[in-house]
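Undergrad: I have a structure I would like to understand better, so I am pasting it below and will then ask my questions one at a time.
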Amino acid sequence: MADTARDAFADEAEGTVTIDEYIEGIEAQELEADLVLGGDDGKDCTYAGGYLKRQAVFSCLTCVPDGLAGVCTACSLACHDGHEIVELWTKRKFRCDCGNSKFGGHLCKLCPEKDSENPANSYNHNFKGSYCTCGRPYPDPEAKEQVEMIQCCICEDWFHEDHVGLNSIEEIPRDEEGEPLYEDFICHKCSPGCHFLKLYPDTIWASGKKNWAVQCDTNEPNMMIGGPSNHANTEKHENGALVGDTVGEKTSIENGSTKDIAVPESKLDSSSGSNCNLRMDVNTMPAPVVTEKSMPFFMSKGWRETLCRCEACTNFYAQRGIAYLVDKEDTIEEYEKIAKQKREKKLEQQEGAESNFLNSLNHVQKIEILSGINDMKNEFQSFLESFDSSKPVTSDDIRSVFENLAKKKKQRLS
Ligand SMILES: [Zn+2]
Ligand SMILES: [Zn+2]
Ligand SMILES: [Zn+2]
Ligand SMILES: [Zn+2]
Ligand SMILES: [Zn+2]
Ligand SMILES: [Zn+2]
């Protein structure tokens, strides 16, 4: 009993960490950083790529105190080192501003040739370092406890969980472990503009413990996939009517064409909305009834694939400036998937580089390096074997490993 209590305290004591925790911590931090940076190695300014669908963006309050500019990862490192930087996580359709007219003569070291402004960039109050309806910074130096924040997929502002207009944060759909059961969050300011989502079946809403009506089986979230604009399964539609058994078909955006080729023109009457998953023209939908309090939306996993891609709906999205909702590359999921792929490639290359380095050495050099590595390995191995890895490592432990190594070296030299 006393032992357990002591161990618990040791683990919690500041600055003490077990080997397992340490390694896990480093890996988690690296992965987290790679996910936010989207696998961008942070070496080149992203300006040449134009308005990227999604990228990590930073604001420099030293250079642009009014927060009406943003820079890419590479620029935040190369051009604004030591400046007061606000990390904005990722933003869509943004082009690096570093060194343009907003920077008062502070030129970009990586890509100095830029237009004076990027007119399509938008800057919300996050760029000034304030977030949510409460306008507080993050982390908030005055808060006793940092409340988790969630990002709205429409306005991309961040909100404290207790400031999203819910009666209780218990209403946020989560599983028993507290992991989010929703893919996207639409804040209470943006939800009235997304009123059309109410025309879709319940499967697009994330279901939580409370407040969210009983939902359909989550294994079948895409009942409406396979709309007429989905070329993969047009044969299943007759006269534009939706056939129910199209679950599981994926819309392929990379494929380029969103037009049907298989279905004769006469069968698709776009003006009547008959080829629409909603079977109506969303543009003619009556305006939402204004209620006293608008509620945020929590969207289910894969909900965007359910959105109709017919001509009328596509125009509707474009008019409202939300066409990105039907672009797979806009999703955080896709962004992180690409980041993970790049990360794996990078790790493979690193391993490759290590073995290439060894192959380029002559035999004697190899032996010397390998015996050095082996000494190190053996020393750590015996240290780890003699050590309970659930116990904290102290600086004395590390020192003794290196002292033993030094002794061995001396033995070999003498
Ligand atoms: Zn840049
Ligand atoms: Zn700066
Ligand atoms: Zn720069
Ligand atoms: Zn807030
Ligand atoms: Zn919003
Ligand atoms: Zn439609």
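Chain labels A, B, ... are given in the sequence in which chains occur in the structure tokens; within each chain residues are numbered consecutively from 1, and ligands are likewise numbered from 1 in the order shown.
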For chain A versus ligand 4, which residues have an atom no more than 8 Å away, and what is each residue's nearest atom pair and distance in Å rounded to one decimal, using only C-alpha atoms and all ligand atoms, chain-then-number order, as a Markdown table?

TA:
```
| residue | atom | partner | partner_atom_place_in_ligand_line | distance |
| --- | --- | --- | --- | --- |
| A:Tyr131 | CA | ligand 4 | 1 (Zn) | 6.8 |
| A:Cys132 | CA | ligand 4 | 1 (Zn) | 4.5 |
| A:Thr133 | CA | ligand 4 | 1 (Zn) | 5.3 |
| A:Cys134 | CA | ligand 4 | 1 (Zn) | 4.2 |
| A:Gly135 | CA | ligand 4 | 1 (Zn) | 6.5 |
| A:Arg136 | CA | ligand 4 | 1 (Zn) | 6.4 |
| A:Phe159 | CA | ligand 4 | 1 (Zn) | 5.5 |
| A:His160 | CA | ligand 4 | 1 (Zn) | 4.4 |
| A:Glu161 | CA | ligand 4 | 1 (Zn) | 7.6 |
| A:Asp162 | CA | ligand 4 | 1 (Zn) | 7.1 |
| A:His163 | CA | ligand 4 | 1 (Zn) | 5.0 |
| A:Val164 | CA | ligand 4 | 1 (Zn) | 7.9 |
```

Undergrad: Hey, can you spit out that residue selection with N, CA and C atoms as an mmCIF file, in the first residue's frame?

TA:
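Once everything was written out, this is out_14.cif:
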```
data_model
loop_
_atom_site.group_PDB
_atom_site.id
_atom_site.type_symbol
_atom_site.label_atom_id
_atom_site.label_comp_id
_atom_site.auth_asym_id
_atom_site.auth_seq_id
_atom_site.Cartn_x
_atom_site.Cartn_y
_atom_site.Cartn_z
ATOM 1 N N TYR A 131 -9.489 34.026 -29.183
ATOM 2 C CA TYR A 131 -10.298 32.908 -29.650
ATOM 3 C C TYR A 131 -11.681 32.946 -29.026
ATOM 4 N N CYS A 132 -12.608 32.233 -29.666
ATOM 5 C CA CYS A 132 -13.914 31.960 -29.055
ATOM 6 C C CYS A 132 -14.776 33.226 -28.967
ATOM 7 N N THR A 133 -16.007 33.053 -28.491
ATOM 8 C CA THR A 133 -16.896 34.196 -28.296
ATOM 9 C C THR A 133 -16.397 35.084 -27.159
ATOM 10 N N CYS A 134 -15.561 34.503 -26.291
ATOM 11 C CA CYS A 134 -15.072 35.264 -25.133
ATOM 12 C C CYS A 134 -13.805 36.065 -25.468
ATOM 13 N N GLY A 135 -13.193 35.772 -26.637
ATOM 14 C CA GLY A 135 -12.033 36.546 -27.074
ATOM 15 C C GLY A 135 -10.784 36.394 -26.230
ATOM 16 N N ARG A 136 -10.682 35.247 -25.514
ATOM 17 C CA ARG A 136 -9.507 35.047 -24.660
ATOM 18 C C ARG A 136 -8.348 34.454 -25.468
ATOM 19 N N PHE A 159 -13.368 27.417 -30.146
ATOM 20 C CA PHE A 159 -14.306 27.720 -29.067
ATOM 21 C C PHE A 159 -14.032 26.864 -27.835
ATOM 22 N N HIS A 160 -14.151 27.503 -26.674
ATOM 23 C CA HIS A 160 -14.123 26.730 -25.438
ATOM 24 C C HIS A 160 -15.366 25.851 -25.420
ATOM 25 N N GLU A 161 -15.203 24.626 -24.944
ATOM 26 C CA GLU A 161 -16.346 23.702 -24.933
ATOM 27 C C GLU A 161 -17.533 24.249 -24.156
ATOM 28 N N ASP A 162 -17.249 25.063 -23.152
ATOM 29 C CA ASP A 162 -18.370 25.595 -22.365
ATOM 30 C C ASP A 162 -18.867 26.931 -22.909
ATOM 31 N N HIS A 163 -18.387 27.329 -24.104
ATOM 32 C CA HIS A 163 -18.854 28.576 -24.707
ATOM 33 C C HIS A 163 -19.489 28.357 -26.085
ATOM 34 N N VAL A 164 -19.977 27.144 -26.348
ATOM 35 C CA VAL A 164 -20.530 26.876 -27.679
ATOM 36 C C VAL A 164 -22.058 26.923 -27.700
#
```

Undergrad: For ligand 5, list the contacting residues at 8 Å or closer, counting only C-alpha atoms and all ligand atoms, as a ChimeraX atom specification.

TA: /A:151-157,186-191

Undergrad: For ligand 6, which of A:Ser390, A:Asn126, A:Ser294, A:Asn275 is the closest residue, counting only C-alpha atoms and all ligand atoms?

TA: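 Ranking A:Ser390, A:Asn126, A:Ser294, A:Asn275 by distance to ligand 6, first place goes to A:Asn275.
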
Undergrad: Do you know which residues are within 12 Å of ligand 2 using only C-alpha atoms and all ligand atoms? Can you write them as a PyMOL selection string?

TA: chain A and resi 58-65+67+69-72+75-86+97-100+102-109

Undergrad: Can you write out the residues you just picked, keeping C-alpha atoms, as a tab-separated table (two decimals), in the first residue's frame?

TA:
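Below you can see result_26.tsv, which holds the result:
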```tsv
chain	number	residue	atom	x	y	z
A	58	PHE	CA	1.23	31.35	-37.83
A	59	SER	CA	0.73	35.01	-37.08
A	60	CYS	CA	3.66	37.23	-36.07
A	61	LEU	CA	2.58	39.96	-33.67
A	62	THR	CA	6.09	41.43	-33.63
A	63	CYS	CA	5.96	42.19	-37.36
A	64	VAL	CA	2.20	42.68	-37.80
A	65	PRO	CA	0.68	43.62	-34.42
A	67	GLY	CA	-2.83	40.38	-36.75
A	69	ALA	CA	-1.20	38.61	-41.81
A	70	GLY	CA	-0.20	34.98	-41.57
A	71	VAL	CA	2.94	33.05	-42.44
A	72	CYS	CA	3.74	29.44	-43.29
A	75	CYS	CA	8.71	31.33	-42.59
A	76	SER	CA	7.73	31.16	-38.92
A	77	LEU	CA	11.06	29.40	-38.34
A	78	ALA	CA	13.37	31.14	-40.82
A	79	CYS	CA	11.99	34.70	-40.88
A	80	HIS	CA	10.37	35.18	-37.45
A	81	ASP	CA	12.65	33.36	-35.07
A	82	GLY	CA	12.40	34.96	-31.64
A	83	HIS	CA	9.32	36.99	-32.58
A	84	GLU	CA	5.98	36.82	-30.81
A	85	ILE	CA	4.30	34.06	-32.80
A	86	VAL	CA	0.69	32.92	-32.53
A	97	ASP	CA	2.03	36.68	-46.42
A	98	CYS	CA	5.61	36.72	-45.09
A	99	GLY	CA	7.44	39.85	-46.20
A	100	ASN	CA	4.59	41.35	-48.23
A	102	LYS	CA	1.93	44.15	-44.42
A	103	PHE	CA	5.38	43.51	-43.02
A	104	GLY	CA	6.70	47.06	-43.24
A	105	GLY	CA	9.88	46.27	-45.14
A	106	HIS	CA	10.74	43.08	-43.22
A	107	LEU	CA	11.55	40.87	-46.21
A	108	CYS	CA	11.00	37.14	-46.43
A	109	LYS	CA	14.28	35.23	-46.40
```

Undergrad: Fewer than 3 positions away in the same chain doesn't count, so skip those; otherwise give me all residues within 10 Å of segment 326-339 of chain A, counting only C-alpha atoms, as number ranges by chain.

TA: A: 31-40, 52-55, 90-93, 153, 183-184, 251-254, 301-309, 314, 317, 322-323, 342-345

Undergrad: So that I can see what lies close to Gln319 of chain A, please list as a PyMOL selection string the residues with an atom at most 12 Å from it, counting only C-alpha atoms and leaving out residues fewer than 6 positions away in the same chain.

TA: chain A and resi 193+282-283+312-313

Undergrad: Could you jot down the atom CA of Gly49 of chain A to atom CA of Phe94 of chain A separation for me, Å, one decimal place?

TA: 10.0 Å

Undergrad: For ligand 3, which residue among A:Ser116, A:Asn356, A:Thr73, A:Gln29 is the nearest when counting only C-alpha atoms and all ligand atoms?

TA: A:Thr73

Undergrad: Of the candidates A:Met280, A:Ile169, A:Ile398, A:Met295, which one gets nearest to ligand 6 if we count only C-alpha atoms and all ligand atoms?

TA: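 Once distances to ligand 6 are computed over only C-alpha atoms and all ligand atoms, the minimum belongs to A:Met280.
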